[in-house]
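query-v5.cif (mmCIF, C-alpha atoms)
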```cif
data_final
loop_
_atom_site.label_atom_id
_atom_site.label_comp_id
_atom_site.auth_asym_id
_atom_site.auth_seq_id
_atom_site.Cartn_x
_atom_site.Cartn_y
_atom_site.Cartn_z
CA MET A 1 -7.52 -6.44 -16.27
CA SER A 2 -4.92 -5.52 -13.67
CA LYS A 3 -5.80 -4.66 -10.06
CA TRP A 4 -5.43 -1.13 -8.68
CA TYR A 5 -2.28 -2.03 -6.75
CA GLU A 6 -0.52 -3.43 -9.81
CA GLU A 7 -0.84 -0.05 -11.54
CA ALA A 8 -0.23 2.05 -8.42
CA VAL A 9 2.42 4.64 -7.65
CA PHE A 10 2.88 4.62 -3.86
CA TYR A 11 3.87 7.35 -1.45
CA HIS A 12 5.26 6.10 1.86
CA MET A 13 4.56 8.24 4.94
CA TYR A 14 6.02 7.69 8.41
CA PRO A 15 3.48 9.97 10.14
CA LEU A 16 5.04 10.25 13.61
CA GLY A 17 8.20 11.64 12.02
CA LEU A 18 6.58 13.67 9.24
CA THR A 19 4.32 15.58 11.66
CA GLY A 20 6.99 16.03 14.34
CA ALA A 21 5.02 14.10 16.95
CA PRO A 22 6.68 13.59 20.36
CA LYS A 23 9.03 10.60 20.57
CA VAL A 24 7.20 9.18 23.60
CA ASN A 25 3.45 8.76 24.05
CA ASP A 26 2.79 9.98 27.60
CA GLY A 27 -0.89 9.03 27.50
CA GLY A 28 -1.97 12.66 27.56
CA GLU A 29 -4.47 14.57 25.43
CA VAL A 30 -5.12 13.67 21.80
CA VAL A 31 -3.29 16.03 19.42
CA HIS A 32 -4.95 16.34 16.01
CA ARG A 33 -2.24 16.21 13.34
CA PHE A 34 -4.16 14.50 10.52
CA HIS A 35 -5.30 17.86 9.16
CA GLU A 36 -1.66 18.44 8.26
CA LEU A 37 -1.47 15.11 6.42
CA MET A 38 -4.68 16.04 4.56
CA ASP A 39 -2.84 19.05 3.14
CA TRP A 40 -0.40 16.69 1.40
CA LEU A 41 -3.07 15.05 -0.77
CA PRO A 42 -3.09 17.70 -3.58
CA HIS A 43 0.72 17.55 -3.65
CA LEU A 44 0.57 13.77 -4.05
CA GLN A 45 -1.93 14.13 -6.89
CA GLU A 46 0.55 16.46 -8.63
CA LEU A 47 3.22 13.77 -8.30
CA GLY A 48 0.95 11.17 -9.90
CA VAL A 49 0.61 9.18 -6.67
CA THR A 50 -2.35 6.79 -6.52
CA ALA A 51 -1.78 5.06 -3.15
CA ILE A 52 -0.34 5.93 0.26
CA TYR A 53 1.39 3.45 2.54
CA ILE A 54 1.13 5.08 5.96
CA GLY A 55 2.25 3.80 9.31
CA PRO A 56 2.63 2.85 11.97
CA LEU A 57 -0.61 4.49 13.04
CA PHE A 58 -2.02 2.74 16.05
CA GLU A 59 -1.57 3.56 19.71
CA SER A 60 2.01 2.83 20.73
CA THR A 61 4.57 3.86 23.32
CA THR A 62 7.46 5.24 21.23
CA HIS A 63 8.35 4.62 17.55
CA GLY A 64 4.99 3.10 16.60
CA TYR A 65 5.98 -0.55 16.40
CA ASP A 66 5.50 -1.16 20.14
CA THR A 67 1.71 -1.36 19.90
CA ARG A 68 -0.46 -0.55 22.91
CA ASP A 69 -3.87 -0.75 21.25
CA TYR A 70 -4.59 -1.96 17.71
CA LYS A 71 -8.03 -0.36 17.57
CA VAL A 72 -7.09 3.20 18.52
CA VAL A 73 -5.15 5.68 16.39
CA ASP A 74 -2.05 6.99 18.18
CA ARG A 75 -3.11 10.03 20.22
CA ARG A 76 0.02 11.86 19.04
CA LEU A 77 -1.53 11.85 15.54
CA GLY A 78 -5.23 12.20 16.28
CA ASP A 79 -8.24 9.98 16.91
CA ASN A 80 -10.14 7.35 14.95
CA GLU A 81 -12.47 9.93 13.44
CA ASP A 82 -9.47 11.91 12.13
CA PHE A 83 -8.07 8.86 10.37
CA LYS A 84 -11.49 7.92 8.98
CA ASN A 85 -11.78 11.41 7.46
CA PHE A 86 -8.24 11.16 6.07
CA VAL A 87 -9.06 7.91 4.27
CA LYS A 88 -12.31 9.37 2.96
CA LYS A 89 -10.54 12.48 1.63
CA ALA A 90 -7.80 10.35 0.06
CA HIS A 91 -10.39 8.17 -1.68
CA GLU A 92 -12.12 11.28 -3.00
CA SER A 93 -8.70 12.30 -4.40
CA GLY A 94 -8.30 8.95 -6.17
CA ILE A 95 -5.72 7.70 -3.65
CA ARG A 96 -5.89 4.32 -1.88
CA ILE A 97 -4.69 3.81 1.70
CA VAL A 98 -2.49 0.96 2.95
CA VAL A 99 -1.55 0.79 6.64
CA ASP A 100 1.23 -0.84 8.64
CA GLY A 101 0.21 -4.14 10.21
CA VAL A 102 2.50 -4.91 13.14
CA PHE A 103 1.52 -8.47 14.00
CA ASN A 104 4.80 -10.13 14.95
CA HIS A 105 5.02 -8.43 18.35
CA THR A 106 3.33 -5.97 20.70
CA GLY A 107 4.63 -3.43 23.14
CA ARG A 108 4.82 -4.13 26.86
CA GLU A 109 1.80 -1.92 27.50
CA PHE A 110 -0.53 -4.09 25.40
CA PHE A 111 -3.43 -5.43 27.49
CA ALA A 112 -2.46 -9.12 27.19
CA PHE A 113 1.10 -8.54 28.39
CA ARG A 114 -0.10 -6.36 31.25
CA ASP A 115 -2.45 -9.11 32.33
CA ILE A 116 0.50 -11.54 32.53
CA GLN A 117 2.45 -9.02 34.61
CA GLN A 118 -0.48 -8.72 36.99
CA ASN A 119 -1.76 -12.31 37.15
CA ARG A 120 1.35 -14.30 36.27
CA GLU A 121 0.58 -18.03 35.79
CA ARG A 122 -3.15 -17.38 36.27
CA SER A 123 -3.32 -15.08 33.23
CA PRO A 124 -5.33 -16.49 30.31
CA TYR A 125 -2.87 -14.73 27.98
CA CYS A 126 0.29 -16.68 28.86
CA SER A 127 -0.04 -18.62 25.58
CA TRP A 128 -0.39 -15.39 23.56
CA TYR A 129 3.36 -14.81 23.63
CA LYS A 130 6.40 -16.89 22.81
CA GLY A 131 8.72 -18.12 25.53
CA ILE A 132 6.84 -16.97 28.63
CA ASN A 133 8.81 -18.53 31.48
CA PHE A 134 8.23 -17.72 35.16
CA GLY A 135 11.60 -19.18 36.08
CA TRP A 136 13.39 -16.43 34.13
CA ASN A 137 13.60 -12.66 34.31
CA THR A 138 14.56 -9.69 32.10
CA HIS A 139 16.23 -6.35 32.76
CA TYR A 140 12.69 -4.97 33.24
CA ASN A 141 12.49 -7.25 36.31
CA ASP A 142 8.99 -8.52 35.53
CA GLY A 143 9.70 -11.73 37.43
CA PHE A 144 9.40 -13.74 34.21
CA GLY A 145 11.11 -14.01 30.84
CA TYR A 146 9.83 -13.95 27.27
CA GLU A 147 11.01 -14.08 23.69
CA ALA A 148 11.73 -10.57 22.40
CA TRP A 149 11.95 -9.45 18.79
CA ARG A 150 15.66 -9.42 17.90
CA ASN A 151 16.50 -9.01 21.59
CA CYS A 152 14.60 -5.71 21.78
CA PHE A 153 12.75 -6.42 25.01
CA GLU A 154 10.29 -3.55 24.53
CA LEU A 155 8.86 -5.76 21.72
CA VAL A 156 7.30 -9.02 22.91
CA ASN A 157 6.90 -11.74 20.26
CA LEU A 158 3.32 -12.91 19.72
CA ASN A 159 2.59 -16.63 19.36
CA LEU A 160 0.85 -16.78 15.99
CA TYR A 161 0.23 -20.52 16.39
CA GLU A 162 -2.25 -19.69 19.16
CA ARG A 163 -5.82 -19.68 17.79
CA ALA A 164 -6.95 -16.93 20.15
CA VAL A 165 -4.14 -14.63 18.92
CA LYS A 166 -5.04 -15.22 15.30
CA ASP A 167 -8.73 -14.62 15.97
CA TYR A 168 -7.91 -11.42 17.83
CA LEU A 169 -5.70 -10.06 15.04
CA PHE A 170 -8.21 -10.99 12.34
CA ASP A 171 -10.87 -9.16 14.33
CA VAL A 172 -8.53 -6.13 14.38
CA ILE A 173 -8.12 -6.27 10.58
CA ARG A 174 -11.87 -6.56 10.03
CA PHE A 175 -12.27 -3.53 12.31
CA TRP A 176 -9.74 -1.52 10.24
CA ILE A 177 -11.52 -2.41 7.00
CA ARG A 178 -15.03 -1.73 8.27
CA GLU A 179 -14.24 1.30 10.44
CA PHE A 180 -11.68 3.09 8.26
CA ASP A 181 -12.24 1.56 4.76
CA ILE A 182 -8.51 0.88 4.24
CA ASP A 183 -7.41 -0.79 1.00
CA GLY A 184 -4.49 -2.92 2.14
CA ILE A 185 -1.91 -3.80 4.78
CA ARG A 186 1.88 -3.69 4.68
CA LEU A 187 2.96 -6.51 6.98
CA ASP A 188 5.85 -5.52 9.20
CA CYS A 189 8.55 -8.24 9.40
CA ALA A 190 6.58 -10.60 7.16
CA ASP A 191 9.64 -12.86 7.05
CA CYS A 192 9.06 -13.51 10.80
CA LEU A 193 5.32 -14.31 10.44
CA GLU A 194 3.85 -17.81 10.27
CA PHE A 195 2.76 -18.82 6.77
CA ASP A 196 -0.52 -20.34 7.96
CA PHE A 197 -1.37 -17.04 9.65
CA MET A 198 -0.73 -15.11 6.41
CA LYS A 199 -2.67 -17.61 4.30
CA GLU A 200 -5.68 -17.33 6.57
CA MET A 201 -5.37 -13.53 6.51
CA ARG A 202 -5.33 -13.60 2.70
CA TRP A 203 -8.56 -15.58 2.62
CA MET A 204 -10.24 -13.48 5.32
CA THR A 205 -9.38 -10.09 3.81
CA ALA A 206 -10.58 -11.20 0.37
CA GLN A 207 -13.99 -11.94 1.93
CA GLU A 208 -14.08 -8.45 3.42
CA LYS A 209 -12.81 -6.61 0.32
CA PRO A 210 -12.06 -8.52 -2.90
CA ASP A 211 -9.30 -6.16 -4.08
CA PHE A 212 -7.63 -5.84 -0.66
CA TRP A 213 -3.81 -5.81 -0.99
CA LEU A 214 -1.33 -7.58 1.29
CA MET A 215 2.34 -6.63 0.96
CA GLY A 216 5.07 -8.04 3.16
CA GLU A 217 8.34 -6.60 4.39
CA VAL A 218 10.83 -9.29 3.33
CA ILE A 219 14.55 -8.58 3.12
CA HIS A 220 16.27 -11.87 2.26
CA GLY A 221 15.15 -15.17 0.83
CA ASP A 222 13.05 -16.45 -2.04
CA TYR A 223 10.35 -13.81 -2.48
CA ALA A 224 8.11 -16.35 -4.22
CA ARG A 225 7.56 -18.08 -0.85
CA TRP A 226 5.58 -15.00 0.22
CA ALA A 227 4.36 -13.42 -3.03
CA ASN A 228 2.02 -15.99 -4.55
CA ASP A 229 -1.66 -16.86 -4.94
CA ASP A 230 -1.94 -18.32 -1.43
CA VAL A 231 0.04 -16.01 0.87
CA LEU A 232 0.65 -12.31 0.00
CA HIS A 233 0.21 -10.30 -3.18
CA SER A 234 3.62 -8.66 -3.01
CA VAL A 235 6.81 -8.13 -0.99
CA THR A 236 9.51 -5.47 -0.74
CA ASN A 237 12.18 -5.93 -3.43
CA TYR A 238 15.26 -5.30 -1.27
CA GLU A 239 17.45 -7.10 -3.79
CA LEU A 240 16.66 -4.53 -6.49
CA HIS A 241 16.86 -1.66 -3.96
CA LYS A 242 20.50 -2.52 -3.32
CA GLY A 243 21.32 -2.74 -7.03
CA LEU A 244 19.72 0.61 -7.86
CA TYR A 245 22.22 2.61 -5.82
CA SER A 246 25.32 0.38 -5.97
CA GLY A 247 24.90 -0.19 -9.71
CA HIS A 248 25.33 3.57 -10.12
CA ASN A 249 28.03 4.06 -7.49
CA ASP A 250 30.12 1.28 -9.04
CA HIS A 251 29.30 2.26 -12.65
CA ASN A 252 28.03 -1.28 -12.99
CA TYR A 253 24.71 -1.68 -14.76
CA PHE A 254 25.42 -5.41 -14.95
CA GLU A 255 24.36 -5.66 -11.29
CA ILE A 256 20.93 -4.15 -11.93
CA ALA A 257 20.43 -6.01 -15.22
CA HIS A 258 21.45 -9.34 -13.67
CA THR A 259 18.97 -8.84 -10.81
CA ILE A 260 16.13 -8.01 -13.18
CA ARG A 261 17.01 -10.82 -15.59
CA ARG A 262 17.01 -13.30 -12.70
CA GLN A 263 13.75 -11.95 -11.31
CA PHE A 264 11.62 -10.91 -14.27
CA ASP A 265 13.05 -11.99 -17.63
CA GLU A 266 10.26 -13.20 -19.93
CA ASN A 267 12.14 -16.49 -20.31
CA GLY A 268 12.99 -17.96 -16.93
CA GLY A 269 12.68 -15.00 -14.54
CA ILE A 270 11.87 -16.58 -11.17
CA TYR A 271 9.34 -13.86 -10.21
CA ARG A 272 7.86 -13.12 -13.63
CA GLY A 273 4.14 -12.41 -13.37
CA ARG A 274 4.56 -11.13 -9.81
CA LYS A 275 4.49 -7.44 -8.93
CA LEU A 276 7.07 -6.70 -6.22
CA TYR A 277 7.21 -3.41 -4.30
CA THR A 278 10.08 -1.26 -5.60
CA PHE A 279 11.71 1.51 -3.56
CA VAL A 280 14.95 3.48 -3.42
CA GLU A 281 14.57 4.55 0.23
CA ASN A 282 12.29 3.95 3.19
CA HIS A 283 12.06 4.58 6.96
CA ASP A 284 14.71 1.92 7.72
CA VAL A 285 17.46 2.74 5.19
CA ASP A 286 19.59 5.78 4.39
CA ARG A 287 18.16 8.33 1.97
CA ILE A 288 19.15 7.74 -1.66
CA MET A 289 20.74 11.20 -1.99
CA SER A 290 22.99 10.35 0.96
CA LYS A 291 24.05 7.08 -0.68
CA LEU A 292 24.86 8.19 -4.21
CA ASN A 293 28.48 9.16 -4.96
CA ASN A 294 27.21 11.27 -7.87
CA LYS A 295 23.96 12.91 -6.83
CA GLN A 296 22.97 13.45 -10.49
CA HIS A 297 22.50 9.69 -10.68
CA VAL A 298 19.27 10.17 -8.73
CA PHE A 299 17.58 10.85 -12.10
CA PRO A 300 18.30 7.47 -13.72
CA VAL A 301 17.72 5.77 -10.35
CA TYR A 302 14.14 7.06 -10.21
CA THR A 303 13.61 6.34 -13.91
CA LEU A 304 14.57 2.71 -13.35
CA MET A 305 12.35 2.49 -10.26
CA TYR A 306 9.34 3.65 -12.27
CA THR A 307 9.97 1.65 -15.44
CA LEU A 308 11.47 -1.70 -14.41
CA PRO A 309 8.98 -4.42 -13.37
CA GLY A 310 7.47 -3.61 -9.98
CA ILE A 311 5.24 -1.22 -8.06
CA PRO A 312 7.15 2.07 -7.51
CA SER A 313 7.15 3.88 -4.17
CA ILE A 314 8.39 7.36 -3.20
CA TYR A 315 9.40 7.83 0.45
CA TYR A 316 8.17 11.14 1.82
CA GLY A 317 10.58 13.95 1.00
CA GLY A 318 12.29 11.93 -1.73
CA GLU A 319 10.74 14.21 -4.35
CA TRP A 320 12.84 17.07 -2.93
CA GLY A 321 16.02 15.01 -2.67
CA ILE A 322 16.30 15.33 1.09
CA GLU A 323 19.21 13.54 2.77
CA GLY A 324 19.52 11.48 5.94
CA ARG A 325 21.66 8.68 7.32
CA LYS A 326 21.13 6.25 10.18
CA GLU A 327 23.22 7.28 13.19
CA GLY A 328 24.11 4.08 15.04
CA GLY A 329 20.77 2.68 16.13
CA ASN A 330 19.01 6.02 15.61
CA ASP A 331 16.58 6.10 12.67
CA ASP A 332 15.40 9.68 13.25
CA PRO A 333 17.51 11.18 10.41
CA MET A 334 15.51 9.09 7.92
CA ARG A 335 12.19 10.06 9.53
CA PRO A 336 12.33 13.87 9.72
CA ARG A 337 9.70 16.47 10.45
CA LEU A 338 8.70 18.04 7.12
CA VAL A 339 6.46 21.05 6.55
CA LEU A 340 4.96 20.86 3.08
CA GLU A 341 4.93 24.54 2.19
CA LYS A 342 8.48 25.02 3.50
CA CYS A 343 9.73 22.05 1.45
CA LYS A 344 8.12 23.46 -1.68
CA ALA A 345 9.43 26.99 -1.08
CA GLU A 346 12.97 25.86 -0.26
CA ASN A 347 13.23 23.00 -2.77
CA ALA A 348 16.94 22.45 -3.45
CA HIS A 349 16.23 20.01 -6.31
CA PRO A 350 13.32 21.36 -8.38
CA GLU A 351 14.47 19.39 -11.44
CA LEU A 352 14.16 16.16 -9.47
CA THR A 353 10.62 17.06 -8.40
CA LYS A 354 9.71 17.72 -12.05
CA HIS A 355 11.36 14.47 -13.10
CA ILE A 356 9.31 12.46 -10.59
CA GLN A 357 6.12 14.25 -11.71
CA TRP A 358 7.00 13.38 -15.32
CA LEU A 359 7.59 9.73 -14.42
CA GLY A 360 4.27 9.69 -12.57
CA SER A 361 2.43 10.97 -15.65
CA ILE A 362 4.18 8.41 -17.88
CA ARG A 363 3.26 5.62 -15.48
CA ARG A 364 -0.36 6.82 -15.39
CA ASP A 365 -0.71 7.03 -19.17
CA ASN A 366 1.07 3.79 -20.13
CA ASP A 367 -0.31 0.50 -18.84
CA ILE A 368 2.68 -1.18 -20.51
CA LEU A 369 4.81 -0.23 -17.48
CA ALA A 370 2.51 -2.17 -15.16
CA GLU A 371 1.70 -5.10 -17.42
CA GLY A 372 4.43 -5.39 -20.05
CA VAL A 373 7.03 -8.16 -20.10
CA TYR A 374 10.67 -7.17 -19.60
CA ARG A 375 13.29 -7.58 -22.32
CA GLU A 376 16.92 -6.45 -22.12
CA LEU A 377 18.06 -4.61 -25.29
CA LEU A 378 21.56 -3.25 -24.58
CA LEU A 379 23.99 -3.55 -21.69
CA THR A 380 27.45 -2.29 -20.82
CA ASN A 381 28.85 -1.26 -17.42
CA ARG A 382 27.71 2.30 -18.04
CA GLN A 383 24.80 2.12 -20.45
CA TYR A 384 21.63 0.08 -20.22
CA ALA A 385 18.48 -0.16 -22.33
CA PHE A 386 15.45 -2.40 -21.99
CA ALA A 387 11.89 -2.68 -23.20
CA ARG A 388 8.55 -3.34 -21.57
CA ILE A 389 6.37 -5.05 -24.17
CA LEU A 390 2.60 -5.57 -24.21
CA GLY A 391 1.24 -7.11 -27.40
CA ASN A 392 2.31 -4.92 -30.33
CA ARG A 393 3.14 -1.94 -28.08
CA ALA A 394 6.34 -1.23 -26.18
CA MET A 395 8.25 1.28 -24.07
CA ILE A 396 12.02 1.57 -24.40
CA VAL A 397 14.11 2.98 -21.54
CA ALA A 398 17.77 4.02 -21.87
CA VAL A 399 20.04 5.19 -19.04
CA ASN A 400 23.68 6.32 -18.82
CA ASN A 401 25.76 6.34 -15.60
CA ASP A 402 28.95 7.56 -17.32
CA ASP A 403 30.52 10.97 -16.74
CA ASN A 404 30.40 11.51 -20.51
CA ALA A 405 27.68 11.42 -23.12
CA ALA A 406 27.24 8.06 -24.86
CA TRP A 407 25.89 7.00 -28.23
CA MET A 408 23.53 4.07 -27.96
CA SER A 409 22.22 1.93 -30.83
CA ILE A 410 19.14 0.20 -29.47
CA PRO A 411 17.15 -2.51 -31.26
CA VAL A 412 13.43 -1.76 -31.54
CA PRO A 413 11.48 -4.82 -30.33
CA VAL A 414 8.15 -4.19 -32.13
CA GLY A 415 7.12 -2.40 -35.30
CA GLY A 416 5.57 1.05 -35.32
CA GLU A 417 6.31 4.72 -34.87
CA VAL A 418 8.77 5.58 -32.08
CA THR A 419 8.10 8.71 -29.98
CA ASP A 420 10.65 10.27 -27.65
CA LEU A 421 8.61 11.06 -24.51
CA THR A 422 11.19 13.61 -23.38
CA THR A 423 10.67 15.85 -26.41
CA GLY A 424 7.48 14.50 -27.99
CA GLU A 425 9.37 14.09 -31.28
CA LYS A 426 9.21 11.12 -33.65
CA MET A 427 12.42 9.10 -33.92
CA ASN A 428 14.09 7.68 -37.02
CA VAL A 429 14.35 3.91 -37.06
CA GLU A 430 17.26 2.62 -39.12
CA ASN A 431 17.64 -1.09 -39.74
CA GLY A 432 15.37 -1.81 -36.82
CA ARG A 433 17.33 0.39 -34.39
CA ILE A 434 17.20 3.83 -32.88
CA ASN A 435 20.51 5.65 -32.52
CA ILE A 436 20.62 8.24 -29.75
CA GLU A 437 22.99 10.26 -27.63
CA VAL A 438 22.34 9.96 -23.91
CA LYS A 439 23.95 12.62 -21.72
CA PRO A 440 25.72 11.88 -18.41
CA ALA A 441 23.22 10.72 -15.74
CA GLU A 442 20.41 11.09 -18.27
CA SER A 443 17.51 8.76 -18.90
CA ARG A 444 15.39 8.60 -22.04
CA ILE A 445 12.00 6.96 -22.52
CA PHE A 446 10.44 6.07 -25.88
CA ARG A 447 6.99 4.76 -26.75
CA ILE A 448 6.11 2.58 -29.72
#
```

Write-out of the structure in structure tokens:
Amino acid sequence: MSKWYEEAVFYHMYPLGLTGAPKVNDGGEVVHRFHELMDWLPHLQELGVTAIYIGPLFESTTHGYDTRDYKVVDRRLGDNEDFKNFVKKAHESGIRIVVDGVFNHTGREFFAFRDIQQNRERSPYCSWYKGINFGWNTHYNDGFGYEAWRNCFELVNLNLYERAVKDYLFDVIRFWIREFDIDGIRLDCADCLEFDFMKEMRWMTAQEKPDFWLMGEVIHGDYARWANDDVLHSVTNYELHKGLYSGHNDHNYFEIAHTIRRQFDENGGIYRGRKLYTFVENHDVDRIMSKLNNKQHVFPVYTLMYTLPGIPSIYYGGEWGIEGRKEGGNDDPMRPRLVLEKCKAENAHPELTKHIQWLGSIRRDNDILAEGVYRELLLTNRQYAFARILGNRAMIVAVNNDDNAAWMSIPVPVGGEVTDLTTGEKMNVENGRINIEVKPAESRIFRI
């Protein structure tokens, strides 16, 4: 029996951007914006979404990752009661909630750092941060230096080897679970976190909530170091993310197929049995519609995201094909203000919205896509077909990135009647194969 997160379709919200909250938290009055996020829940149900990854959420100074207070919801979004009601309403809608856990660093306004500023060597929190040195200085002119995250000195690196830091952060997580009833945490910069810290977190959260999910942001490296029975349940599959757009831009399905074969092939895939988090865009990378040379390729891109091994995730606005590119160091274009009713009324890509709804319904109705093993069936630069197989049942997926229609002769991996899920029609099987025409930028899904 698979866990809820292995079968989930995620929706990723960056709430400060989505709601148009001010860029800087001036410490003023609480502004209640969660009611607006509540209005999105019926829309997400229509898309077939079963889980929301939302964050950052907790009191911060600017973009959300410079935490001021881990136990208070950012006043630009609302208060703790607002978030508690949001989680409750989401649960009533059959949607789980996963929040951003920013544990590698804090902002400069966090209480422990402020204590060091005030009390210098006498502060009991000097060991809470890496590299505190009273013989140094920074451009903030604190009169001491410290290790900053990637030289961003508004982010001060926590010392996760320090027992008091670990105990504090675990207390924060227990508070989130007990106060808000969250279902999981996405760990920001998990590739910068200490493994012992994550292992202890895994054990602790399982005591609090047995089906609690831990997913780490990992860009490079061997994902199995993080996604295993001792550390985290899952990580971001950046390797596949890159292949999904460049494999279409270069008319090179070999790139995607090679990645999947290496990761998930039933014979020798290095991550087989693991469920990695699949995405085509997020708050840190350019929107998929801004990256594709042929925007029609967005259809097979999403089909592959939903049907290849992994846990699919839509980034807010992706269902309407919105665009956005990073401008230098400015991430705002990928994190826009969106008004739900306006997006629906002015939808420039209604066929894409329908396609994502269709994929959501297929994912919901076919456990094969969560549990089935992967098997490659056909591969050229411009055509690709594979199966997900579970016992004597299977799903076959075929995609075409060519500018012309293509005939594909695909071997059928198990016996039984083949149904085209696009049309609902039964398919002829000749000599153990189905022979189909796939239009340019089209994807077809069959169930056996």

### Task
Return as JSON, numbers by chain the set of residues that the PyMOL selection byres ((chain A and resi 247) around 12) yields on the displayed structure.
{"A": [239, 240, 241, 242, 243, 244, 245, 246, 248, 249, 250, 251, 252, 253, 254, 255, 256, 257, 258, 259, 291, 292, 293, 294, 297, 298, 300, 301, 304, 380, 381, 382, 383, 384, 399, 400, 401, 402]}

### Task
Tell me, as a ChimeraX atom specification, which residues lie within 12 Å of Met201 (chain A), counting all atoms listed in the file; anything in the same chain fewer than 5 positions away does not count.
/A:101,103,160,166-174,184-185,187,193-196,206-209,212-215,230-233

Check which residues satisfy the PyMOL selection byres ((chain A and resi 191) around 9) in the file shown, then give them as a compact mmCIF listing (two decimals) with C-alpha atoms, in the frame of the given file.
```txt
# COMPACT_ATOMS: atom_id res chain seq x y z
CA ASP A 188 5.85 -5.52 9.20
CA CYS A 189 8.55 -8.24 9.40
CA ALA A 190 6.58 -10.60 7.16
CA CYS A 192 9.06 -13.51 10.80
CA LEU A 193 5.32 -14.31 10.44
CA GLU A 194 3.85 -17.81 10.27
CA GLY A 216 5.07 -8.04 3.16
CA GLU A 217 8.34 -6.60 4.39
CA VAL A 218 10.83 -9.29 3.33
CA ILE A 219 14.55 -8.58 3.12
CA HIS A 220 16.27 -11.87 2.26
CA GLY A 221 15.15 -15.17 0.83
CA TRP A 226 5.58 -15.00 0.22
```

### Task
Evaluate the PyMOL selection byres ((chain A and resi 429) around 10) and record the selected residues as a ChimeraX atom specification, following the chain and residue labels used in the document.
/A:410-412,415-418,426-428,430-435

### Task
For Gly391 (chain A), please output as a count of residues only all residues within 10 Å (counting all atoms listed in the file; exclusion window: fewer than 2 positions along the same chain).
7

### Message
Which residues are close to Arg287 (chain A), i.e. within 6 Å by only C-alpha atoms, leaving aside same-chain residues fewer than 4 positions away? Reply as JSON, numbers by chain.
### Response
{"A": [281, 323, 324]}

### Using only C-alpha atoms: which of A:Tyr374, A:Tyr306, A:Phe58, A:Tyr70 has the shortest distance to Tyr271 (chain A)
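Of A:Tyr374, A:Tyr306, A:Phe58, A:Tyr70, the one nearest Tyr271 (chain A), counting only C-alpha atoms, is A:Tyr374.
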
Which protein, DNA or RNA residues are at most 10 Å from (11.8, -6.4, 18.9) in the file's coordinates when you count all atoms listed in the file, listed as a PDB file with C-alpha atoms, in the coordinates of the input?
```pdb
ATOM      1  CA  TYR A  65       5.980  -0.550  16.400  1.00  0.00           C
ATOM      2  CA  ASP A  66       5.500  -1.160  20.140  1.00  0.00           C
ATOM      3  CA  ASN A 104       4.800 -10.130  14.950  1.00  0.00           C
ATOM      4  CA  HIS A 105       5.020  -8.430  18.350  1.00  0.00           C
ATOM      5  CA  THR A 106       3.330  -5.970  20.700  1.00  0.00           C
ATOM      6  CA  GLY A 107       4.630  -3.430  23.140  1.00  0.00           C
ATOM      7  CA  GLU A 147      11.010 -14.080  23.690  1.00  0.00           C
ATOM      8  CA  ALA A 148      11.730 -10.570  22.400  1.00  0.00           C
ATOM      9  CA  TRP A 149      11.950  -9.450  18.790  1.00  0.00           C
ATOM     10  CA  ARG A 150      15.660  -9.420  17.900  1.00  0.00           C
ATOM     11  CA  ASN A 151      16.500  -9.010  21.590  1.00  0.00           C
ATOM     12  CA  CYS A 152      14.600  -5.710  21.780  1.00  0.00           C
ATOM     13  CA  PHE A 153      12.750  -6.420  25.010  1.00  0.00           C
ATOM     14  CA  GLU A 154      10.290  -3.550  24.530  1.00  0.00           C
ATOM     15  CA  LEU A 155       8.860  -5.760  21.720  1.00  0.00           C
ATOM     16  CA  VAL A 156       7.300  -9.020  22.910  1.00  0.00           C
ATOM     17  CA  ASN A 157       6.900 -11.740  20.260  1.00  0.00           C
TER      18      ASN A 157
END
```

### Message
Between CA of Glu442 (chain A) and CA of Thr236 (chain A), what distance in Å does the model show, to one decimal?
### Response
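These two atoms are separated by 26.5 Å.
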
### Query
What's the 12 Å shell around Asp367 (chain A), counting all atoms listed in the file, without same-chain residues fewer than 5 positions away, as a list of chain:residue names?
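Answer for this query is A:Met1, A:Ser2, A:Lys3, A:Trp4, A:Glu6, A:Glu7, A:Ala8, A:Thr307, A:Pro309, A:Ser361, A:Ile362, A:Gly372, A:Val373, A:Arg388, A:Ile389, A:Leu390, A:Gly391, A:Arg393, A:Ala394, A:Met395, A:Arg447.
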
Can you pull out every residue within 8 Å of Phe144 (chain A), counting all atoms listed in the file, but drop anything in the same chain fewer than 4 positions away, and send it as a PDB file with C-alpha atoms, in the frame of the given file?
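Output (result07.pdb):
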```
ATOM      1  CA  ILE A 132       6.840 -16.970  28.630  1.00  0.00           C
ATOM      2  CA  ASN A 133       8.810 -18.530  31.480  1.00  0.00           C
ATOM      3  CA  PHE A 134       8.230 -17.720  35.160  1.00  0.00           C
ATOM      4  CA  GLY A 135      11.600 -19.180  36.080  1.00  0.00           C
ATOM      5  CA  TRP A 136      13.390 -16.430  34.130  1.00  0.00           C
ATOM      6  CA  ASN A 137      13.600 -12.660  34.310  1.00  0.00           C
ATOM      7  CA  THR A 138      14.560  -9.690  32.100  1.00  0.00           C
TER       8      THR A 138
END
```

### Query
For Thr205 (chain A), which of A:Asp142, A:Asp183, A:Glu162, A:Asp222 is the closest residue, counting all atoms listed in the file?
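Of the candidates, the smallest distance to Thr205 (chain A) is held by A:Asp183.
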
### Task
Please indicate the distance in Å from CA of Tyr146 (chain A) to CA of Gly131 (chain A), rounded to one decimal place.
4.7 Å

### Summary
A straight line from CA of Trp176 (chain A) to CA of Val98 (chain A) spans 10.6 Å

Would you compute the box with edges along x, y and z of the file around region 331-344 of chain A, including every atom the file lists for it and 8 Å extra on each side, and give its centre and edge lengths in Å to one decimal, as JSON?
```
{"center_x": 11.2, "center_y": 15.6, "center_z": 5.8, "size_x": 28.6, "size_y": 34.9, "size_z": 30.9}
```
